[in-house]
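Structure, as structure tokens:
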Amino acid sequence: MIPGNETSIFALQNTLVSRGIDVITDDDAFIHVSGHPGRPELAQMYQWVRPRVAVPVHGEQRHLMAHADLARECQIPEQIPGQNGAMIRLAPGRAEVVDHVPSGRLALEGSRLIGTDSLILKERQRMAYNGAIAVTLALNGKGALASAPLVTFHGVYDENLDEDQIDDVIDAIEQALKGLRAAQRRDDDVVAEEVRIAVRRSVRRDLEKKPVTTVHVVRLDRAESD
């Protein structure tokens, strides 16, 4: 059992017990089974193989360095801990890292492969936890609201049950716009950012959540707005 797989291990143990099988764990006896060789086994391997270069891989930095130290103790001439993405030339000449290539895990997202550190996945995780809000503002030529803000909630409020909270969000939007100077109202980026902050502040005060918030500013034609 290792951190992260406890649930599946317990499920396996319960399945075995339900079939009348005695399950012995380290809670019952001093036992341990590992898929990784220990230092004596690695030393024996090096004595058999007698390599010129040792490239420790797998594990954290401290594991890699400990393995490299062991290889040195076993008289292996060269030791190069293998970092993810490192391109290592083994021959001719002395082994060394000559380049680095992109590396990491990929996730199948629909029909495409993207890195698990992709901003797409990070934003989706944020939306799953905090919800999302989209705000559309129609402003007239003077930078004032031409109509009520259009606000869409995804996983934040129930529009049929949370009318008071939704009204608070709309009020926060209107107050944020009123607090802007005339010059600021003409700047879409300033308007969008101030409204975004106001919306998130209102929801955080109510739910202690920070929803992903997008604000769209629509400028009506001056003649039309007049």
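Here, A, B, ... name the chains of the structure tokens in the order displayed, residue numbers run from 1 inside each chain, and ligands are numbered from 1 in the same displayed order.
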
Legend entry - Polymer residues at most 12 Å from region 30-38 of chain A, only C-alpha atoms, same-chain spacing of 3 or more positions, as a ChimeraX atom specification: /A:1-2,24-27,41-45,58-59,63,66-67,70

May I have the selected residues written with N, CA and C atoms, as a CSV table (one decimal), in the first residue's frame?
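What landed in out.csv:
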chain,number,residue,atom,x,y,z
A,1,MET,N,0.8,-1.2,0.0
A,1,MET,CA,0.0,0.0,0.0
A,1,MET,C,0.9,1.2,0.0
A,2,ILE,N,0.6,2.2,-0.9
A,2,ILE,CA,1.3,3.4,-1.0
A,2,ILE,C,0.3,4.6,-1.0
A,24,ILE,N,-3.0,-11.3,5.2
A,24,ILE,CA,-1.9,-10.9,6.2
A,24,ILE,C,-1.3,-9.6,5.6
A,25,THR,N,-1.3,-8.6,6.4
A,25,THR,CA,-0.7,-7.3,6.1
A,25,THR,C,0.4,-6.9,7.1
A,26,ASP,N,1.0,-5.8,6.9
A,26,ASP,CA,2.1,-5.4,7.8
A,26,ASP,C,1.5,-5.0,9.1
A,27,ASP,N,0.2,-4.9,9.2
A,27,ASP,CA,-0.4,-4.7,10.6
A,27,ASP,C,-0.4,-6.0,11.4
A,41,GLU,N,21.0,-5.7,-3.9
A,41,GLU,CA,20.7,-6.3,-5.2
A,41,GLU,C,21.2,-5.5,-6.3
A,42,LEU,N,21.2,-4.1,-6.2
A,42,LEU,CA,21.8,-3.3,-7.2
A,42,LEU,C,23.3,-3.5,-7.3
A,43,ALA,N,23.9,-3.6,-6.2
A,43,ALA,CA,25.4,-3.8,-6.1
A,43,ALA,C,25.7,-5.2,-6.8
A,44,GLN,N,24.9,-6.2,-6.6
A,44,GLN,CA,25.2,-7.5,-7.2
A,44,GLN,C,25.0,-7.4,-8.7
A,45,MET,N,24.0,-6.6,-9.2
A,45,MET,CA,23.8,-6.4,-10.6
A,45,MET,C,25.0,-5.8,-11.2
A,58,HIS,N,14.0,6.9,-12.6
A,58,HIS,CA,12.8,6.7,-11.7
A,58,HIS,C,13.0,7.1,-10.3
A,59,GLY,N,12.1,7.8,-9.7
A,59,GLY,CA,12.2,8.3,-8.4
A,59,GLY,C,12.4,9.8,-8.3
A,63,HIS,N,16.5,10.1,-4.7
A,63,HIS,CA,16.7,8.7,-5.0
A,63,HIS,C,17.7,8.5,-6.1
A,66,ALA,N,21.2,9.1,-4.7
A,66,ALA,CA,21.6,8.0,-3.9
A,66,ALA,C,22.0,6.8,-4.8
A,67,HIS,N,21.3,6.6,-5.9
A,67,HIS,CA,21.6,5.5,-6.8
A,67,HIS,C,23.0,5.8,-7.5
A,70,LEU,N,25.8,5.0,-5.2
A,70,LEU,CA,26.0,3.6,-5.1
A,70,LEU,C,26.8,3.1,-6.3

Inset, instruction - List the neighbours of Thr152 (chain A) out to 9 Å using only C-alpha atoms; skip same-chain residues closer than 3 positions along the sequence, and give me the result as an NGL selection string. - result: :A and (132-136)

For Ser118 (chain A), list every protein, DNA or RNA residue within 12 Å, evaluated using only C-alpha atoms, and leave out those in the same chain fewer than 3 positions away; present the list as a PDB file with C-alpha atoms, in the first residue's frame.
ATOM      1  CA  GLY A 104       5.593  15.031 -19.254  1.00  0.00           C
ATOM      2  CA  ARG A 105       2.288  13.238 -19.094  1.00  0.00           C
ATOM      3  CA  LEU A 106      -0.399  13.621 -21.724  1.00  0.00           C
ATOM      4  CA  ALA A 107      -4.152  13.443 -21.256  1.00  0.00           C
ATOM      5  CA  LEU A 108      -6.714  12.454 -23.866  1.00  0.00           C
ATOM      6  CA  GLU A 109      -9.059  15.433 -23.968  1.00  0.00           C
ATOM      7  CA  LEU A 113      -3.718  14.912 -26.560  1.00  0.00           C
ATOM      8  CA  ILE A 114      -2.673  17.744 -24.262  1.00  0.00           C
ATOM      9  CA  GLY A 115      -0.207  18.018 -21.395  1.00  0.00           C
ATOM     10  CA  LEU A 121      -7.076  21.361 -17.651  1.00  0.00           C
ATOM     11  CA  LYS A 122      -6.098  23.704 -14.842  1.00  0.00           C
ATOM     12  CA  GLU A 123      -8.961  26.065 -15.701  1.00  0.00           C
ATOM     13  CA  ARG A 124     -11.374  23.154 -15.985  1.00  0.00           C
ATOM     14  CA  GLN A 125     -10.369  21.965 -12.520  1.00  0.00           C
TER      15      GLN A 125
END

Inset, instruction - Would you work out the distance separating CA of Ile88 (chain A) from CA of Arg39 (chain A), expressed in Å to one decimal? - result: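 The value is 24.4 Å.
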
Legend entry - strand (DSSP E) per DSSP on the backbone: members of region 9-190 of chain A, as number ranges by chain: A: 53-54, 78-79, 86-89, 96-100, 106-109, 112-115, 132-139, 150-154

With region 178-188 of chain A as the partner and 8 Å as the cut-off, tabulate the residues of region 53-161 of chain A that qualify, each row holding the nearest pair of atoms and their distance in Å to one decimal, using only C-alpha atoms, sorted by chain and rising number, as CSV.
residue,atom,partner,partner_atom,distance
A:Lys142,CA,A:Ala182,CA,7.7
A:Gly143,CA,A:Arg185,CA,5.0
A:Ala144,CA,A:Arg185,CA,7.7

Inset, instruction - For CA of Arg89 (chain A) and CA of Glu73 (chain A), quote the distance in Å rounded to one decimal. - result: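 Answer for the CA of Arg89 (chain A) to CA of Glu73 (chain A) separation: 22.7 Å.
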
Inset, instruction - Apply DSSP to the structure's backbone, then extract all residues of region 4-225 of chain A labelled helix (DSSP H, G or I) and return them as a PyMOL selection string. - result: chain A and resi 6-18+39-49+61-73+119-130+163-178+182-185+188-207+222-225

Legend entry - Between CA of Gly131 (chain A) and CA of Tyr157 (chain A), distance in Å (one decimal):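 Going from CA of Gly131 (chain A) over to CA of Tyr157 (chain A), I get 9.0 Å.
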
Legend entry - Who sits within 12 Å of region 160-162 of chain A, only C-alpha atoms, same chain under 6 positions skipped, as number ranges by chain: A: 153, 168-169, 203, 206-207

What lies within 12 Å of Val97 (chain A) using only C-alpha atoms, ignoring chain neighbours under 2 positions off, as a PDB file with N, CA, C and O atoms, in the first residue's frame?
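This went into result06.pdb:
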ATOM      1  N   VAL A  55      22.994   5.068 -15.540  1.00  0.00           N
ATOM      2  CA  VAL A  55      22.023   6.155 -15.710  1.00  0.00           C
ATOM      3  C   VAL A  55      20.830   5.862 -14.801  1.00  0.00           C
ATOM      4  O   VAL A  55      19.866   5.209 -15.214  1.00  0.00           O
ATOM      5  N   GLN A  79      28.484   8.176 -13.915  1.00  0.00           N
ATOM      6  CA  GLN A  79      27.123   8.123 -13.381  1.00  0.00           C
ATOM      7  C   GLN A  79      26.394   9.398 -13.811  1.00  0.00           C
ATOM      8  O   GLN A  79      26.856  10.498 -13.533  1.00  0.00           O
ATOM      9  N   ILE A  80      25.257   9.240 -14.478  1.00  0.00           N
ATOM     10  CA  ILE A  80      24.469  10.396 -14.919  1.00  0.00           C
ATOM     11  C   ILE A  80      23.019  10.172 -14.512  1.00  0.00           C
ATOM     12  O   ILE A  80      22.295   9.389 -15.144  1.00  0.00           O
ATOM     13  N   PRO A  81      22.564  10.822 -13.428  1.00  0.00           N
ATOM     14  CA  PRO A  81      21.151  10.699 -13.054  1.00  0.00           C
ATOM     15  C   PRO A  81      20.258  11.186 -14.195  1.00  0.00           C
ATOM     16  O   PRO A  81      20.466  12.275 -14.735  1.00  0.00           O
ATOM     17  N   GLY A  82      19.285  10.383 -14.586  1.00  0.00           N
ATOM     18  CA  GLY A  82      18.439  10.721 -15.732  1.00  0.00           C
ATOM     19  C   GLY A  82      17.245  11.571 -15.347  1.00  0.00           C
ATOM     20  O   GLY A  82      16.301  11.096 -14.716  1.00  0.00           O
ATOM     21  N   GLN A  83      17.298  12.850 -15.718  1.00  0.00           N
ATOM     22  CA  GLN A  83      16.180  13.755 -15.476  1.00  0.00           C
ATOM     23  C   GLN A  83      15.172  13.642 -16.617  1.00  0.00           C
ATOM     24  O   GLN A  83      15.541  13.357 -17.759  1.00  0.00           O
ATOM     25  N   ASN A  84      13.916  13.877 -16.321  1.00  0.00           N
ATOM     26  CA  ASN A  84      12.897  13.834 -17.367  1.00  0.00           C
ATOM     27  C   ASN A  84      13.254  14.808 -18.490  1.00  0.00           C
ATOM     28  O   ASN A  84      13.500  15.987 -18.247  1.00  0.00           O
ATOM     29  N   GLY A  85      13.265  14.298 -19.714  1.00  0.00           N
ATOM     30  CA  GLY A  85      13.542  15.148 -20.862  1.00  0.00           C
ATOM     31  C   GLY A  85      15.005  15.269 -21.219  1.00  0.00           C
ATOM     32  O   GLY A  85      15.336  15.850 -22.260  1.00  0.00           O
ATOM     33  N   ALA A  86      15.894  14.741 -20.388  1.00  0.00           N
ATOM     34  CA  ALA A  86      17.330  14.847 -20.676  1.00  0.00           C
ATOM     35  C   ALA A  86      17.705  13.890 -21.805  1.00  0.00           C
ATOM     36  O   ALA A  86      17.348  12.723 -21.780  1.00  0.00           O
ATOM     37  N   MET A  87      18.426  14.409 -22.805  1.00  0.00           N
ATOM     38  CA  MET A  87      18.937  13.582 -23.892  1.00  0.00           C
ATOM     39  C   MET A  87      20.402  13.279 -23.594  1.00  0.00           C
ATOM     40  O   MET A  87      21.236  14.188 -23.579  1.00  0.00           O
ATOM     41  N   ILE A  88      20.697  12.034 -23.338  1.00  0.00           N
ATOM     42  CA  ILE A  88      22.027  11.630 -22.891  1.00  0.00           C
ATOM     43  C   ILE A  88      22.758  10.881 -24.012  1.00  0.00           C
ATOM     44  O   ILE A  88      22.228   9.905 -24.561  1.00  0.00           O
ATOM     45  N   ARG A  89      23.933  11.352 -24.345  1.00  0.00           N
ATOM     46  CA  ARG A  89      24.771  10.636 -25.312  1.00  0.00           C
ATOM     47  C   ARG A  89      25.681   9.688 -24.539  1.00  0.00           C
ATOM     48  O   ARG A  89      26.457  10.124 -23.689  1.00  0.00           O
ATOM     49  N   LEU A  90      25.586   8.409 -24.829  1.00  0.00           N
ATOM     50  CA  LEU A  90      26.378   7.412 -24.117  1.00  0.00           C
ATOM     51  C   LEU A  90      27.735   7.186 -24.779  1.00  0.00           C
ATOM     52  O   LEU A  90      28.708   6.838 -24.111  1.00  0.00           O
ATOM     53  N   ALA A  91      27.802   7.372 -26.097  1.00  0.00           N
ATOM     54  CA  ALA A  91      29.049   7.164 -26.837  1.00  0.00           C
ATOM     55  C   ALA A  91      28.921   7.872 -28.183  1.00  0.00           C
ATOM     56  O   ALA A  91      27.804   8.166 -28.617  1.00  0.00           O
ATOM     57  N   ARG A  94      32.957  10.546 -23.579  1.00  0.00           N
ATOM     58  CA  ARG A  94      32.366  10.537 -22.253  1.00  0.00           C
ATOM     59  C   ARG A  94      30.854  10.775 -22.346  1.00  0.00           C
ATOM     60  O   ARG A  94      30.386  11.602 -23.129  1.00  0.00           O
ATOM     61  N   ALA A  95      30.093  10.029 -21.557  1.00  0.00           N
ATOM     62  CA  ALA A  95      28.644  10.199 -21.543  1.00  0.00           C
ATOM     63  C   ALA A  95      28.291  11.552 -20.936  1.00  0.00           C
ATOM     64  O   ALA A  95      28.892  11.987 -19.950  1.00  0.00           O
ATOM     65  N   ASP A  99      21.224  17.555 -24.621  1.00  0.00           N
ATOM     66  CA  ASP A  99      20.066  18.360 -24.987  1.00  0.00           C
ATOM     67  C   ASP A  99      18.913  17.999 -24.058  1.00  0.00           C
ATOM     68  O   ASP A  99      19.017  17.062 -23.255  1.00  0.00           O
ATOM     69  N   HIS A 100      17.840  18.755 -24.165  1.00  0.00           N
ATOM     70  CA  HIS A 100      16.623  18.447 -23.420  1.00  0.00           C
ATOM     71  C   HIS A 100      15.440  18.508 -24.385  1.00  0.00           C
ATOM     72  O   HIS A 100      15.393  19.380 -25.259  1.00  0.00           O
ATOM     73  N   VAL A 101      14.505  17.607 -24.219  1.00  0.00           N
ATOM     74  CA  VAL A 101      13.327  17.556 -25.079  1.00  0.00           C
ATOM     75  C   VAL A 101      12.079  17.689 -24.210  1.00  0.00           C
ATOM     76  O   VAL A 101      12.120  17.403 -23.006  1.00  0.00           O
TER      77      VAL A 101
END

Legend entry - Contact residues around Glu174 (chain A) with only C-alpha atoms at 10 Å, ignoring same-chain residues under 6 positions, as a ChimeraX atom specification: /A:144-145,148-149,168,195,198

Dump as a short mmCIF file (atom, residue, chain, number, x, y, z; two decimals), in the first residue's frame, selection limited to all heavy atoms:
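The resulting out-v3.cif:
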data_model
loop_
_atom_site.label_atom_id
_atom_site.label_comp_id
_atom_site.auth_asym_id
_atom_site.auth_seq_id
_atom_site.Cartn_x
_atom_site.Cartn_y
_atom_site.Cartn_z
N ALA A 144 -22.50 54.12 -19.81
CA ALA A 144 -23.48 53.68 -18.84
C ALA A 144 -24.20 52.45 -19.38
O ALA A 144 -24.20 52.18 -20.59
CB ALA A 144 -24.48 54.78 -18.54
N LEU A 145 -24.83 51.68 -18.48
CA LEU A 145 -25.55 50.48 -18.91
C LEU A 145 -26.73 50.86 -19.79
O LEU A 145 -27.57 51.68 -19.43
CB LEU A 145 -26.04 49.72 -17.69
CG LEU A 145 -25.00 48.91 -16.91
CD1 LEU A 145 -25.58 48.41 -15.59
CD2 LEU A 145 -24.50 47.73 -17.74
N ALA A 148 -30.01 45.97 -18.50
CA ALA A 148 -29.54 45.25 -17.31
C ALA A 148 -28.43 44.27 -17.69
O ALA A 148 -28.44 43.70 -18.78
CB ALA A 148 -30.70 44.50 -16.67
N PRO A 149 -27.45 44.09 -16.81
CA PRO A 149 -26.38 43.12 -17.09
C PRO A 149 -26.95 41.73 -17.32
O PRO A 149 -27.89 41.31 -16.63
CB PRO A 149 -25.52 43.17 -15.83
CG PRO A 149 -25.84 44.48 -15.19
CD PRO A 149 -27.27 44.75 -15.50
N ASP A 168 -27.71 40.28 -5.56
CA ASP A 168 -26.52 40.87 -4.95
C ASP A 168 -25.39 40.98 -5.97
O ASP A 168 -24.65 41.97 -6.00
CB ASP A 168 -26.04 40.03 -3.76
CG ASP A 168 -26.98 40.15 -2.56
OD1 ASP A 168 -27.76 41.12 -2.52
OD2 ASP A 168 -26.92 39.27 -1.69
N VAL A 195 -15.49 44.89 -13.01
CA VAL A 195 -16.71 44.09 -12.84
C VAL A 195 -16.36 42.66 -12.43
O VAL A 195 -17.02 42.07 -11.57
CB VAL A 195 -17.53 44.09 -14.15
CG1 VAL A 195 -18.65 43.05 -14.09
CG2 VAL A 195 -18.11 45.48 -14.39
N ALA A 198 -15.59 42.67 -8.79
CA ALA A 198 -16.80 42.88 -8.00
C ALA A 198 -17.64 41.61 -7.91
O ALA A 198 -18.18 41.27 -6.85
CB ALA A 198 -17.61 44.02 -8.60
#
